[in-house]
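This is data_27.cif (mmCIF, C-alpha atoms, pLDDT in the B column; chains and numbers go by the auth columns).
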data_data
loop_
_atom_site.group_PDB
_atom_site.id
_atom_site.type_symbol
_atom_site.label_atom_id
_atom_site.label_comp_id
_atom_site.label_asym_id
_atom_site.label_seq_id
_atom_site.Cartn_x
_atom_site.Cartn_y
_atom_site.Cartn_z
_atom_site.B_iso_or_equiv
_atom_site.auth_seq_id
_atom_site.auth_asym_id
ATOM 1 C CA MET A 1 0.000 0.000 0.000 70.00 1 A
ATOM 2 C CA SER A 2 1.456 3.352 -0.998 88.00 2 A
ATOM 3 C CA ARG A 3 1.798 6.283 1.380 89.00 3 A
ATOM 4 C CA ARG A 4 -0.745 8.259 -0.560 90.00 4 A
ATOM 5 C CA ARG A 5 -3.411 5.549 -0.337 91.00 5 A
ATOM 6 C CA LEU A 6 -2.615 5.038 3.346 91.00 6 A
ATOM 7 C CA TRP A 7 -2.997 8.785 4.016 92.00 7 A
ATOM 8 C CA GLU A 8 -6.270 8.917 2.038 92.00 8 A
ATOM 9 C CA GLY A 9 -7.590 6.092 4.201 91.00 9 A
ATOM 10 C CA LEU A 10 -6.435 7.593 7.498 93.00 10 A
ATOM 11 C CA ARG A 11 -7.146 11.258 6.771 93.00 11 A
ATOM 12 C CA PRO A 12 -10.855 11.190 7.759 93.00 12 A
ATOM 13 C CA TYR A 13 -9.950 9.626 11.110 94.00 13 A
ATOM 14 C CA VAL A 14 -7.160 12.133 11.711 94.00 14 A
ATOM 15 C CA MET A 15 -9.488 15.010 10.876 95.00 15 A
ATOM 16 C CA ILE A 16 -12.254 13.800 13.190 96.00 16 A
ATOM 17 C CA GLY A 17 -9.812 12.801 15.949 95.00 17 A
ATOM 18 C CA PRO A 18 -9.751 16.118 17.882 95.00 18 A
ATOM 19 C CA ALA A 19 -13.566 16.371 17.864 95.00 19 A
ATOM 20 C CA MET A 20 -13.910 12.770 19.044 96.00 20 A
ATOM 21 C CA ALA A 21 -11.328 13.374 21.783 96.00 21 A
ATOM 22 C CA GLY A 22 -13.370 16.373 22.971 96.00 22 A
ATOM 23 C CA ILE A 23 -16.604 14.374 22.903 96.00 23 A
ATOM 24 C CA CYS A 24 -15.007 11.532 24.854 96.00 24 A
ATOM 25 C CA LEU A 25 -13.426 13.880 27.395 96.00 25 A
ATOM 26 C CA PHE A 26 -16.310 16.298 27.936 96.00 26 A
ATOM 27 C CA VAL A 27 -19.391 14.160 27.209 95.00 27 A
ATOM 28 C CA MET A 28 -18.804 10.417 27.420 97.00 28 A
ATOM 29 C CA TYR A 29 -16.505 10.346 30.466 97.00 29 A
ATOM 30 C CA PRO A 30 -18.799 12.539 32.631 96.00 30 A
ATOM 31 C CA VAL A 31 -21.862 10.466 31.671 96.00 31 A
ATOM 32 C CA ILE A 32 -20.119 7.175 32.481 97.00 32 A
ATOM 33 C CA TYR A 33 -18.767 8.595 35.751 95.00 33 A
ATOM 34 C CA LEU A 34 -22.229 9.867 36.763 95.00 34 A
ATOM 35 C CA ILE A 35 -23.740 6.455 36.062 95.00 35 A
ATOM 36 C CA TYR A 36 -21.035 4.949 38.280 94.00 36 A
ATOM 37 C CA LEU A 37 -21.735 7.501 41.043 93.00 37 A
ATOM 38 C CA SER A 38 -25.471 6.801 40.859 94.00 38 A
ATOM 39 C CA PHE A 39 -24.856 3.475 42.583 95.00 39 A
ATOM 40 C CA PHE A 40 -23.374 5.206 45.652 94.00 40 A
ATOM 41 C CA LYS A 41 -24.611 7.301 48.537 93.00 41 A
ATOM 42 C CA TYR A 42 -21.983 9.899 47.798 90.00 42 A
ATOM 43 C CA ASN A 43 -20.542 12.164 50.486 89.00 43 A
ATOM 44 C CA LEU A 44 -19.215 15.367 48.927 87.00 44 A
ATOM 45 C CA MET A 45 -17.317 16.391 52.061 90.00 45 A
ATOM 46 C CA ASN A 46 -15.495 13.099 52.532 90.00 46 A
ATOM 47 C CA LYS A 47 -15.169 10.592 49.694 87.00 47 A
ATOM 48 C CA ALA A 48 -14.140 7.863 52.148 89.00 48 A
ATOM 49 C CA LYS A 49 -17.617 7.983 53.751 90.00 49 A
ATOM 50 C CA SER A 50 -19.348 7.292 50.422 90.00 50 A
ATOM 51 C CA LYS A 51 -20.902 3.837 50.318 93.00 51 A
ATOM 52 C CA PHE A 52 -22.189 1.563 47.604 93.00 52 A
ATOM 53 C CA ILE A 53 -25.986 1.221 47.720 94.00 53 A
ATOM 54 C CA GLY A 54 -26.685 -0.439 44.363 93.00 54 A
ATOM 55 C CA PHE A 55 -30.051 0.343 42.791 94.00 55 A
ATOM 56 C CA ASP A 56 -31.502 2.091 45.880 94.00 56 A
ATOM 57 C CA ASN A 57 -31.185 5.543 44.283 94.00 57 A
ATOM 58 C CA TYR A 58 -33.090 4.322 41.219 94.00 58 A
ATOM 59 C CA ASP A 59 -35.708 2.673 43.432 94.00 59 A
ATOM 60 C CA GLN A 60 -36.242 5.969 45.268 94.00 60 A
ATOM 61 C CA ILE A 61 -36.568 7.927 42.017 94.00 61 A
ATOM 62 C CA PHE A 62 -38.963 5.561 40.256 94.00 62 A
ATOM 63 C CA THR A 63 -41.263 5.242 43.286 94.00 63 A
ATOM 64 C CA ARG A 64 -41.767 9.010 43.683 92.00 64 A
ATOM 65 C CA GLY A 65 -44.845 10.521 42.107 88.00 65 A
ATOM 66 C CA ASP A 66 -43.198 13.890 41.489 93.00 66 A
ATOM 67 C CA PHE A 67 -40.543 12.202 39.323 95.00 67 A
ATOM 68 C CA TYR A 68 -43.196 11.272 36.779 94.00 68 A
ATOM 69 C CA LYS A 69 -44.680 14.770 36.989 94.00 69 A
ATOM 70 C CA ALA A 70 -41.228 16.252 36.274 95.00 70 A
ATOM 71 C CA LEU A 71 -40.684 13.740 33.465 95.00 71 A
ATOM 72 C CA GLY A 72 -44.032 14.702 31.926 95.00 72 A
ATOM 73 C CA ASN A 73 -43.237 18.422 32.230 95.00 73 A
ATOM 74 C CA THR A 74 -39.875 17.838 30.564 96.00 74 A
ATOM 75 C CA ALA A 75 -41.533 15.919 27.708 97.00 75 A
ATOM 76 C CA VAL A 76 -44.155 18.647 27.167 96.00 76 A
ATOM 77 C CA TYR A 77 -41.513 21.373 27.271 96.00 77 A
ATOM 78 C CA THR A 78 -39.188 19.530 24.895 96.00 78 A
ATOM 79 C CA ALA A 79 -41.931 18.681 22.409 96.00 79 A
ATOM 80 C CA GLY A 80 -43.318 22.225 22.511 95.00 80 A
ATOM 81 C CA VAL A 81 -39.942 23.888 22.019 95.00 81 A
ATOM 82 C CA VAL A 82 -38.794 21.512 19.267 96.00 82 A
ATOM 83 C CA VAL A 83 -42.027 21.633 17.250 96.00 83 A
ATOM 84 C CA LEU A 84 -42.529 25.382 17.546 95.00 84 A
ATOM 85 C CA THR A 85 -38.862 26.200 16.924 94.00 85 A
ATOM 86 C CA MET A 86 -38.757 24.046 13.799 96.00 86 A
ATOM 87 C CA ALA A 87 -42.023 25.449 12.424 96.00 87 A
ATOM 88 C CA ILE A 88 -41.205 29.090 13.120 92.00 88 A
ATOM 89 C CA SER A 89 -37.617 28.709 11.879 89.00 89 A
ATOM 90 C CA LEU A 90 -38.811 27.165 8.636 93.00 90 A
ATOM 91 C CA LEU A 91 -41.356 29.942 8.080 89.00 91 A
ATOM 92 C CA ILE A 92 -38.808 32.662 8.810 82.00 92 A
ATOM 93 C CA ALA A 93 -36.186 31.015 6.584 84.00 93 A
ATOM 94 C CA VAL A 94 -38.625 30.870 3.684 85.00 94 A
ATOM 95 C CA TRP A 95 -39.700 34.466 4.299 82.00 95 A
ATOM 96 C CA ILE A 96 -36.129 35.807 4.579 80.00 96 A
ATOM 97 C CA GLY A 97 -35.159 33.869 1.445 77.00 97 A
ATOM 98 C CA LYS A 98 -37.397 36.130 -0.577 77.00 98 A
ATOM 99 C CA LYS A 99 -35.953 39.423 -1.761 75.00 99 A
ATOM 100 C CA GLY A 100 -37.451 42.548 -0.286 74.00 100 A
ATOM 101 C CA ARG A 101 -36.688 45.974 1.092 74.00 101 A
ATOM 102 C CA LEU A 102 -37.040 45.008 4.723 80.00 102 A
ATOM 103 C CA ASN A 103 -34.863 41.916 4.428 78.00 103 A
ATOM 104 C CA ALA A 104 -31.795 43.484 6.082 76.00 104 A
ATOM 105 C CA VAL A 105 -33.873 44.935 8.928 80.00 105 A
ATOM 106 C CA VAL A 106 -35.643 41.633 9.527 78.00 106 A
ATOM 107 C CA GLN A 107 -32.343 39.755 9.508 77.00 107 A
ATOM 108 C CA ALA A 108 -30.867 42.197 12.025 78.00 108 A
ATOM 109 C CA GLY A 109 -33.931 41.794 14.248 79.00 109 A
ATOM 110 C CA ILE A 110 -33.717 38.028 14.119 77.00 110 A
ATOM 111 C CA PHE A 111 -29.986 37.739 14.759 77.00 111 A
ATOM 112 C CA THR A 112 -29.710 40.443 17.440 79.00 112 A
ATOM 113 C CA PRO A 113 -30.833 38.159 20.310 75.00 113 A
ATOM 114 C CA HIS A 114 -27.881 35.883 19.557 75.00 114 A
ATOM 115 C CA ILE A 115 -25.567 38.761 20.342 75.00 115 A
ATOM 116 C CA ILE A 116 -27.283 40.037 23.473 76.00 116 A
ATOM 117 C CA SER A 117 -26.648 38.373 26.812 76.00 117 A
ATOM 118 C CA ILE A 118 -29.238 35.786 27.859 77.00 118 A
ATOM 119 C CA VAL A 119 -29.684 37.674 31.123 78.00 119 A
ATOM 120 C CA SER A 120 -30.751 40.788 29.262 84.00 120 A
ATOM 121 C CA VAL A 121 -33.153 38.764 27.135 82.00 121 A
ATOM 122 C CA SER A 122 -34.699 37.117 30.194 85.00 122 A
ATOM 123 C CA LEU A 123 -35.196 40.505 31.870 88.00 123 A
ATOM 124 C CA VAL A 124 -36.954 41.805 28.763 89.00 124 A
ATOM 125 C CA TRP A 125 -39.267 38.752 28.758 89.00 125 A
ATOM 126 C CA LEU A 126 -39.990 39.244 32.471 90.00 126 A
ATOM 127 C CA TRP A 127 -41.022 42.822 31.683 91.00 127 A
ATOM 128 C CA LEU A 128 -43.125 41.704 28.711 92.00 128 A
ATOM 129 C CA MET A 129 -44.928 39.080 30.814 91.00 129 A
ATOM 130 C CA GLU A 130 -45.398 41.186 33.948 91.00 130 A
ATOM 131 C CA PRO A 131 -49.047 40.647 34.973 88.00 131 A
ATOM 132 C CA ASN A 132 -50.003 44.264 35.707 87.00 132 A
ATOM 133 C CA LEU A 133 -47.912 46.478 33.414 86.00 133 A
ATOM 134 C CA GLY A 134 -46.472 43.995 30.916 90.00 134 A
ATOM 135 C CA PHE A 135 -46.596 44.720 27.207 92.00 135 A
ATOM 136 C CA LEU A 136 -48.185 41.377 26.296 91.00 136 A
ATOM 137 C CA ASN A 137 -51.117 41.961 28.661 91.00 137 A
ATOM 138 C CA TYR A 138 -51.406 45.516 27.334 92.00 138 A
ATOM 139 C CA VAL A 139 -51.775 44.099 23.811 92.00 139 A
ATOM 140 C CA LEU A 140 -54.271 41.473 24.989 92.00 140 A
ATOM 141 C CA LYS A 141 -56.383 44.136 26.705 92.00 141 A
ATOM 142 C CA GLY A 142 -56.115 46.322 23.602 93.00 142 A
ATOM 143 C CA VAL A 143 -57.752 43.670 21.435 95.00 143 A
ATOM 144 C CA GLY A 144 -60.429 42.940 24.035 93.00 144 A
ATOM 145 C CA LEU A 145 -58.983 39.731 25.512 91.00 145 A
ATOM 146 C CA PRO A 146 -58.446 39.117 29.236 90.00 146 A
ATOM 147 C CA ALA A 147 -54.972 39.573 30.697 89.00 147 A
ATOM 148 C CA SER A 148 -52.887 36.442 31.322 89.00 148 A
ATOM 149 C CA PRO A 149 -50.939 35.669 34.516 90.00 149 A
ATOM 150 C CA TRP A 150 -48.126 34.247 32.278 89.00 150 A
ATOM 151 C CA LEU A 151 -45.452 33.049 34.733 87.00 151 A
ATOM 152 C CA GLN A 152 -47.554 33.452 37.887 88.00 152 A
ATOM 153 C CA SER A 153 -50.008 30.640 37.135 87.00 153 A
ATOM 154 C CA SER A 154 -49.263 26.928 36.928 88.00 154 A
ATOM 155 C CA ARG A 155 -51.705 26.727 33.984 89.00 155 A
ATOM 156 C CA THR A 156 -49.796 29.230 31.815 88.00 156 A
ATOM 157 C CA ALA A 157 -46.230 28.956 33.133 90.00 157 A
ATOM 158 C CA MET A 158 -45.227 26.038 30.865 91.00 158 A
ATOM 159 C CA LEU A 159 -46.588 27.778 27.762 89.00 159 A
ATOM 160 C CA SER A 160 -44.816 30.993 28.788 89.00 160 A
ATOM 161 C CA VAL A 161 -41.467 29.242 29.227 89.00 161 A
ATOM 162 C CA ILE A 162 -41.929 27.504 25.845 90.00 162 A
ATOM 163 C CA ILE A 163 -42.688 30.867 24.182 88.00 163 A
ATOM 164 C CA VAL A 164 -39.545 32.430 25.704 87.00 164 A
ATOM 165 C CA SER A 165 -37.376 29.444 24.705 85.00 165 A
ATOM 166 C CA VAL A 166 -38.676 29.492 21.139 83.00 166 A
#

Let me see the structure of the file written as structure tokens.
Amino acid sequence: MSRRRLWEGLRPYVMIGPAMAGICLFVMYPVIYLIYLSFFKYNLMNKAKSKFIGFDNYDQIFTRGDFYKALGNTAVYTAGVVVLTMAISLLIAVWIGKKGRLNAVVQAGIFTPHIISIVSVSLVWLWLMEPNLGFLNYVLKGVGLPASPWLQSSRTAMLSVIIVSV
């Protein structure tokens, strides 16, 4: 086998090597280590006092009712964010793909949140969803709809968090 053919065969693995090393170091190792630790009653202050308890941690989790509530909330949140993000992103991509005068302004408006700190964005959303003086309730009242408690009610909090995430 010539050097050139050997290099052509090895080149993809050499190119992907650094990324795979990062994935192994920062993703796979922590996951495997956390699975290992899940079988222990771990003492953060003194590792020597940690003891192996087997599947007791899993037994405690799967017998709690609030675990299934949290799992359901996570599933609803994930499905809502994924479906809405994909649909809205597709619509915006198709719309921006068309040529128009406002294209540059719309693009700037869409990409600006990626530049701004997430803390600033969350503060803006808190102001928008404020129950008494928030802009979203002002708009709802303006069109004759009742105001929403947004983040203050367990009925609307999940939808509000999904809207902010999308």

**OP:** Name the closest residue to A:Ser160 among the candidates A:Asn46, A:Ser122, A:Asn57, A:Thr112; distances are taken between atoms, counting all atoms listed in the file.
**Re:**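 The closest residue to A:Ser160 is A:Ser122.
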
Original post:
In Å, how far is it from atom CA of A:Leu37 to atom CA of A:Ala70?
Top reply: 21.9 Å

**OP:** Could you expand the PyMOL selection byres ((chain A and resi 123-140) around 10) into the explicit residues it covers here, written as a ChimeraX atom specification?
**Re:** /A:118-122,141-152,160-161,163-164

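Excluding A:Val166 and any residue on its chain fewer than 5 positions from it, the residues at most 9 Å away by all atoms listed in the file are A:Gly80, A:Val81, A:Val82, A:Leu84, A:Thr85, A:Ile88, A:Val161.
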
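Atom CA of A:Tyr77 lies 21.0 Å from atom CA of A:Leu91.
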